[in-house]
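Structure first, then comments.
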Amino acid sequence: MVKIYAPASIGNVSVGFDVLGAAVSPIDGSLLGDCVSVEEAETFSLTTLGRFVSKLPSDPEQNIVYQCWELFCETVGRTIPVAMTLEKNMPVGSGLGSSACSVVAALVAMNEFAGHPLTEHQLLLLMGELEGRISGSVHYDNVAPCYLGGLQLMLEEQGIISQSVPAFDEWYWVMAYPGIKVSTAEARAILPAHYAKADIVRHGRLLGGFIHACHSRQAKLAIAMMQDIVAEPYRTQLLPGFAQARERSLAAGALACGISGSGPTLFAICDTLSAAEQVKEQLVNHYLQNDEGFVHICRLDTTGARKLG
Ligand SMILES: Nc1ncnc2c1ncn2[C@@H]1O[C@H](COP(=O)(O)OP(=O)(O)O)[C@@H](O)[C@H]1O
Ligand SMILES: N[C@@H](CCOP(=O)(O)O)C(=O)O
């Protein structure tokens, strides 16, 4: 039996729409992500468990894990009968890369079980394709950090999909999921089809500046560059209380604050644990909307998908 855990991720990280992503894990040691197990069997089966199992499509063939198995078998050229189990611990439509967690855990588990027939690059291509089926277009900013860990920049040139960018070890990433669902496909559909030239120039300056600041170890400059002019101005309307929660987070000591992926999860960066705790308190009191919501203080997860058993 093979069991793989795949962590939550922050798509875009404000400044890199579709091209920057970060994997995160709570500092209290809890596992914020999905697990997929694969066992030998006579015929294929998929069992689903976990806190958010009731939010999955009722038709098992609509489950992205089933589609992972199907595409994996097609790619390796043989049907591999297995019993798969998905532990759905990530809320669906959360902006925490929930579908990416399932895709990455399922494909890494199948590849491990089958004796590694696919390379890292081949797996990433499949992950992007499957994520694209759900969100409406291929983007690697959740699957790449979820699989490889850390802060990842999508390159998609010269046979390289993604490479890691050095982040700042002192940063805490406070993640607040309010408990409501936002569909990534819908949050992508409301974005403009075209942007003004001035916005394109500014976006290039911000993203280039952020990556430069990471490599030259200028944390303050990196924070100043973390501005989202591509998605946040349009998506805020989908996120009740986001603007106020951001103001409260910044007032409580956060250095930067933005939408995680397409939301509704908000992330805030702090450089001390005491600031992260104060921001957490504000978000628990003012951003959560129901019992399903939660706030975690996280660090960058530099490992990515890993074997638990
Ligand atoms: N294993 C799965 N995990 C999450 N979503 C799934 C899964 N299988 C199918 N789905 C469907 O994918 C959609 C969620 O995708 P998306 O809005 O991109 O979520 P997220 O932002 O959390 O990745 C929902 O319609 C959900 O029913
Ligand atoms: N770059 C994507 C990221 C979507 O992340 P998700 O966690 O909401 O699926 C986008 O912004 O659309």
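In the structure tokens, the first chain shown is A, the next is B, and so on; residue numbers restart at 1 for each chain, and ligands run from 1 in the order shown.
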Please find the residues contacting ligand 1 at a distance of at most 7 Å between atoms, with only C-alpha atoms and all ligand atoms counted, and report them as number ranges by chain. A: 55-57, 62-65, 88, 91-100, 102, 134-135, 182-185, 261-262
For the selection you just gave me, I'd like the residues written to a file as a PDB file, in the first residue's frame, keeping C-alpha atoms.
```
ATOM      1  CA  LYS A  55     -18.743  18.314  -0.883  1.00  0.00           C
ATOM      2  CA  LEU A  56     -17.392  16.018  -3.596  1.00  0.00           C
ATOM      3  CA  PRO A  57     -19.420  15.249  -6.753  1.00  0.00           C
ATOM      4  CA  GLN A  62     -16.644  13.146 -11.744  1.00  0.00           C
ATOM      5  CA  ASN A  63     -14.140  12.852  -8.921  1.00  0.00           C
ATOM      6  CA  ILE A  64     -10.823  14.165 -10.182  1.00  0.00           C
ATOM      7  CA  VAL A  65      -9.054  11.220  -8.516  1.00  0.00           C
ATOM      8  CA  LYS A  88     -10.725  14.773   1.390  1.00  0.00           C
ATOM      9  CA  PRO A  91     -12.546  22.234   1.518  1.00  0.00           C
ATOM     10  CA  VAL A  92     -13.656  22.275  -2.132  1.00  0.00           C
ATOM     11  CA  GLY A  93     -13.595  25.649  -3.927  1.00  0.00           C
ATOM     12  CA  SER A  94     -11.548  27.160  -1.111  1.00  0.00           C
ATOM     13  CA  GLY A  95      -8.637  28.831  -2.887  1.00  0.00           C
ATOM     14  CA  LEU A  96      -6.291  26.455  -1.081  1.00  0.00           C
ATOM     15  CA  GLY A  97      -5.637  24.379  -4.187  1.00  0.00           C
ATOM     16  CA  SER A  98      -8.101  21.700  -3.100  1.00  0.00           C
ATOM     17  CA  SER A  99      -8.412  20.087  -6.523  1.00  0.00           C
ATOM     18  CA  ALA A 100      -4.610  20.265  -6.919  1.00  0.00           C
ATOM     19  CA  SER A 102      -6.325  15.528  -4.908  1.00  0.00           C
ATOM     20  CA  ILE A 134     -11.661  21.572 -13.367  1.00  0.00           C
ATOM     21  CA  SER A 135     -10.812  25.244 -13.594  1.00  0.00           C
ATOM     22  CA  VAL A 182     -15.897  30.105  -4.685  1.00  0.00           C
ATOM     23  CA  SER A 183     -15.605  28.216  -7.955  1.00  0.00           C
ATOM     24  CA  THR A 184     -12.221  28.753  -9.594  1.00  0.00           C
ATOM     25  CA  ALA A 185     -13.805  28.463 -13.055  1.00  0.00           C
ATOM     26  CA  GLY A 261      -5.777  31.460  -5.453  1.00  0.00           C
ATOM     27  CA  SER A 262      -9.252  32.489  -6.518  1.00  0.00           C
TER      28      SER A 262
END
```
All alpha helix (DSSP H) residues (DSSP, backbone) inside range 33-235 of chain A, as a PyMOL selection string: chain A and resi 64-76+98-113+120-135+143-148+184-189+197-215+219-225+232-235
Please write the residues from the selection above to a file, keeping C-alpha atoms, as a PDB file, in the first residue's frame.
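So the final result, stored in out_10.pdb, reads:
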```
ATOM      1  CA  ILE A  64     -10.823  14.165 -10.182  1.00  0.00           C
ATOM      2  CA  VAL A  65      -9.054  11.220  -8.516  1.00  0.00           C
ATOM      3  CA  TYR A  66     -10.897   8.803 -10.815  1.00  0.00           C
ATOM      4  CA  GLN A  67      -9.831  10.932 -13.774  1.00  0.00           C
ATOM      5  CA  CYS A  68      -6.233  10.855 -12.521  1.00  0.00           C
ATOM      6  CA  TRP A  69      -6.285   7.062 -12.467  1.00  0.00           C
ATOM      7  CA  GLU A  70      -7.803   6.914 -15.974  1.00  0.00           C
ATOM      8  CA  LEU A  71      -5.270   9.349 -17.473  1.00  0.00           C
ATOM      9  CA  PHE A  72      -2.328   7.712 -15.667  1.00  0.00           C
ATOM     10  CA  CYS A  73      -3.277   4.276 -17.077  1.00  0.00           C
ATOM     11  CA  GLU A  74      -3.765   5.734 -20.558  1.00  0.00           C
ATOM     12  CA  THR A  75      -0.347   7.425 -20.389  1.00  0.00           C
ATOM     13  CA  VAL A  76       1.542   4.339 -19.234  1.00  0.00           C
ATOM     14  CA  SER A  98      -8.101  21.700  -3.100  1.00  0.00           C
ATOM     15  CA  SER A  99      -8.412  20.087  -6.523  1.00  0.00           C
ATOM     16  CA  ALA A 100      -4.610  20.265  -6.919  1.00  0.00           C
ATOM     17  CA  CYS A 101      -4.175  18.379  -3.609  1.00  0.00           C
ATOM     18  CA  SER A 102      -6.325  15.528  -4.908  1.00  0.00           C
ATOM     19  CA  VAL A 103      -4.653  15.496  -8.332  1.00  0.00           C
ATOM     20  CA  VAL A 104      -1.102  15.580  -6.971  1.00  0.00           C
ATOM     21  CA  ALA A 105      -1.719  12.983  -4.248  1.00  0.00           C
ATOM     22  CA  ALA A 106      -3.471  10.647  -6.718  1.00  0.00           C
ATOM     23  CA  LEU A 107      -0.843  10.847  -9.480  1.00  0.00           C
ATOM     24  CA  VAL A 108       2.156  10.612  -7.130  1.00  0.00           C
ATOM     25  CA  ALA A 109       0.532   7.610  -5.403  1.00  0.00           C
ATOM     26  CA  MET A 110      -0.162   5.854  -8.728  1.00  0.00           C
ATOM     27  CA  ASN A 111       3.378   6.532  -9.966  1.00  0.00           C
ATOM     28  CA  GLU A 112       4.865   5.226  -6.721  1.00  0.00           C
ATOM     29  CA  PHE A 113       2.635   2.134  -6.787  1.00  0.00           C
ATOM     30  CA  GLU A 120       8.653  14.434 -12.664  1.00  0.00           C
ATOM     31  CA  HIS A 121       8.127  16.422 -15.872  1.00  0.00           C
ATOM     32  CA  GLN A 122       5.578  13.941 -17.285  1.00  0.00           C
ATOM     33  CA  LEU A 123       3.693  13.942 -13.985  1.00  0.00           C
ATOM     34  CA  LEU A 124       3.590  17.756 -13.896  1.00  0.00           C
ATOM     35  CA  LEU A 125       2.154  17.837 -17.426  1.00  0.00           C
ATOM     36  CA  LEU A 126      -0.612  15.427 -16.368  1.00  0.00           C
ATOM     37  CA  MET A 127      -1.260  17.439 -13.199  1.00  0.00           C
ATOM     38  CA  GLY A 128      -1.662  20.640 -15.234  1.00  0.00           C
ATOM     39  CA  GLU A 129      -4.027  18.939 -17.668  1.00  0.00           C
ATOM     40  CA  LEU A 130      -6.243  17.590 -14.881  1.00  0.00           C
ATOM     41  CA  GLU A 131      -6.293  20.910 -13.013  1.00  0.00           C
ATOM     42  CA  GLY A 132      -7.279  22.524 -16.317  1.00  0.00           C
ATOM     43  CA  ARG A 133     -10.303  20.207 -16.652  1.00  0.00           C
ATOM     44  CA  ILE A 134     -11.661  21.572 -13.367  1.00  0.00           C
ATOM     45  CA  SER A 135     -10.812  25.244 -13.594  1.00  0.00           C
ATOM     46  CA  VAL A 143      -0.024  21.713  -8.698  1.00  0.00           C
ATOM     47  CA  ALA A 144       3.678  22.651  -8.985  1.00  0.00           C
ATOM     48  CA  PRO A 145       4.170  23.875  -5.375  1.00  0.00           C
ATOM     49  CA  CYS A 146       1.864  21.150  -4.058  1.00  0.00           C
ATOM     50  CA  TYR A 147       4.008  18.501  -5.803  1.00  0.00           C
ATOM     51  CA  LEU A 148       7.482  20.049  -5.471  1.00  0.00           C
ATOM     52  CA  THR A 184     -12.221  28.753  -9.594  1.00  0.00           C
ATOM     53  CA  ALA A 185     -13.805  28.463 -13.055  1.00  0.00           C
ATOM     54  CA  GLU A 186     -16.297  31.240 -12.215  1.00  0.00           C
ATOM     55  CA  ALA A 187     -13.641  33.422 -10.584  1.00  0.00           C
ATOM     56  CA  ARG A 188     -11.580  33.104 -13.780  1.00  0.00           C
ATOM     57  CA  ALA A 189     -14.557  33.871 -16.005  1.00  0.00           C
ATOM     58  CA  LYS A 197      -0.819  48.687 -21.553  1.00  0.00           C
ATOM     59  CA  ALA A 198      -0.045  50.594 -18.334  1.00  0.00           C
ATOM     60  CA  ASP A 199      -1.290  47.628 -16.276  1.00  0.00           C
ATOM     61  CA  ILE A 200       0.849  45.193 -18.243  1.00  0.00           C
ATOM     62  CA  VAL A 201       3.934  47.339 -17.655  1.00  0.00           C
ATOM     63  CA  ARG A 202       3.135  47.649 -13.932  1.00  0.00           C
ATOM     64  CA  HIS A 203       2.492  43.907 -13.599  1.00  0.00           C
ATOM     65  CA  GLY A 204       5.860  43.144 -15.244  1.00  0.00           C
ATOM     66  CA  ARG A 205       7.603  45.559 -12.897  1.00  0.00           C
ATOM     67  CA  LEU A 206       5.927  44.082  -9.796  1.00  0.00           C
ATOM     68  CA  LEU A 207       6.526  40.424 -10.660  1.00  0.00           C
ATOM     69  CA  GLY A 208      10.070  41.043 -11.921  1.00  0.00           C
ATOM     70  CA  GLY A 209      10.772  43.138  -8.812  1.00  0.00           C
ATOM     71  CA  PHE A 210       9.395  40.462  -6.490  1.00  0.00           C
ATOM     72  CA  ILE A 211      11.524  37.686  -8.011  1.00  0.00           C
ATOM     73  CA  HIS A 212      14.587  39.980  -7.984  1.00  0.00           C
ATOM     74  CA  ALA A 213      13.952  40.835  -4.315  1.00  0.00           C
ATOM     75  CA  CYS A 214      13.700  37.125  -3.418  1.00  0.00           C
ATOM     76  CA  HIS A 215      16.997  36.318  -5.126  1.00  0.00           C
ATOM     77  CA  ALA A 219      12.422  41.014   2.213  1.00  0.00           C
ATOM     78  CA  LYS A 220      11.019  44.550   2.518  1.00  0.00           C
ATOM     79  CA  LEU A 221      11.223  45.084  -1.230  1.00  0.00           C
ATOM     80  CA  ALA A 222       9.574  41.713  -1.865  1.00  0.00           C
ATOM     81  CA  ILE A 223       6.678  42.698   0.405  1.00  0.00           C
ATOM     82  CA  ALA A 224       6.292  46.074  -1.343  1.00  0.00           C
ATOM     83  CA  MET A 225       6.074  44.295  -4.709  1.00  0.00           C
ATOM     84  CA  GLU A 232      -7.870  41.013  -6.924  1.00  0.00           C
ATOM     85  CA  PRO A 233      -9.615  44.201  -8.140  1.00  0.00           C
ATOM     86  CA  TYR A 234     -12.211  42.043  -9.926  1.00  0.00           C
ATOM     87  CA  ARG A 235     -12.501  39.141  -7.482  1.00  0.00           C
TER      88      ARG A 235
END
```
One decimal, Å: what's the distance from CA of Ala254 in chain A over to CA of Ser274 in chain A, could you say?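 If I compute the distance from CA of Ala254 in chain A to CA of Ser274 in chain A, I get 10.5 Å.
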When DSSP works through the backbone of this structure, what residues of range 138-285 of chain A end up as strand (DSSP E), shown as a PyMOL selection string? chain A and resi 151-157+160-165+172-177+256-259+266-270
Go ahead and compute the interatomic distance for CA of Ala22 in chain A and CA of Ala8 in chain A, in Å to one decimal.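 CA of Ala8 in chain A lies 8.5 Å from CA of Ala22 in chain A.
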So that I can see what lies close to Met1 in chain A, please list as an mmCIF file with N, CA and C atoms, in the first residue's frame the residues with an atom at most 8 Å from it, counting only C-alpha atoms and leaving out residues fewer than 4 positions away in the same chain.
```cif
data_model
loop_
_atom_site.group_PDB
_atom_site.id
_atom_site.type_symbol
_atom_site.label_atom_id
_atom_site.label_comp_id
_atom_site.auth_asym_id
_atom_site.auth_seq_id
_atom_site.Cartn_x
_atom_site.Cartn_y
_atom_site.Cartn_z
ATOM 1 N N SER A 37 -4.492 6.932 -0.954
ATOM 2 C CA SER A 37 -3.830 5.627 -0.804
ATOM 3 C C SER A 37 -4.178 4.763 -2.000
ATOM 4 N N VAL A 38 -3.217 3.923 -2.372
ATOM 5 C CA VAL A 38 -3.415 2.996 -3.500
ATOM 6 C C VAL A 38 -3.000 1.600 -3.034
ATOM 7 N N GLU A 39 -3.918 0.635 -3.245
ATOM 8 C CA GLU A 39 -3.619 -0.759 -2.878
ATOM 9 C C GLU A 39 -3.915 -1.674 -4.047
ATOM 10 N N GLU A 40 -3.222 -2.793 -4.077
ATOM 11 C CA GLU A 40 -3.450 -3.783 -5.126
ATOM 12 C C GLU A 40 -4.894 -4.306 -5.030
ATOM 13 N N PHE A 113 3.155 3.511 -6.782
ATOM 14 C CA PHE A 113 2.635 2.134 -6.787
ATOM 15 C C PHE A 113 3.122 1.359 -8.018
ATOM 16 N N GLY A 309 2.919 6.442 4.024
ATOM 17 C CA GLY A 309 2.922 5.021 4.347
ATOM 18 C C GLY A 309 3.173 4.184 3.115
#
```
Proximity to ligand 2 - best of A:Tyr177, A:Tyr140, A:Trp171, A:Tyr5, only C-alpha atoms and all ligand atoms: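 Answer, going by the shortest atom-to-atom distance: A:Tyr140.
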For Tyr287 in chain A, please output as a PyMOL selection string all residues within 12 Å (counting only C-alpha atoms; exclusion window: fewer than 2 positions along the same chain). chain A and resi 175-180+239-249+264-267+279-285+289-291+293-295
Could you tell me which of A:Asn12, A:Thr119, A:Gln218, A:Gln158 comes closest to ligand 2 if we count only C-alpha atoms and all ligand atoms? A:Asn12
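Distance annotation: of A:His139, A:Lys3, A:Arg51, A:Arg217, the residue with the minimal separation from ligand 2 is A:His139; atom set is only C-alpha atoms and all ligand atoms.
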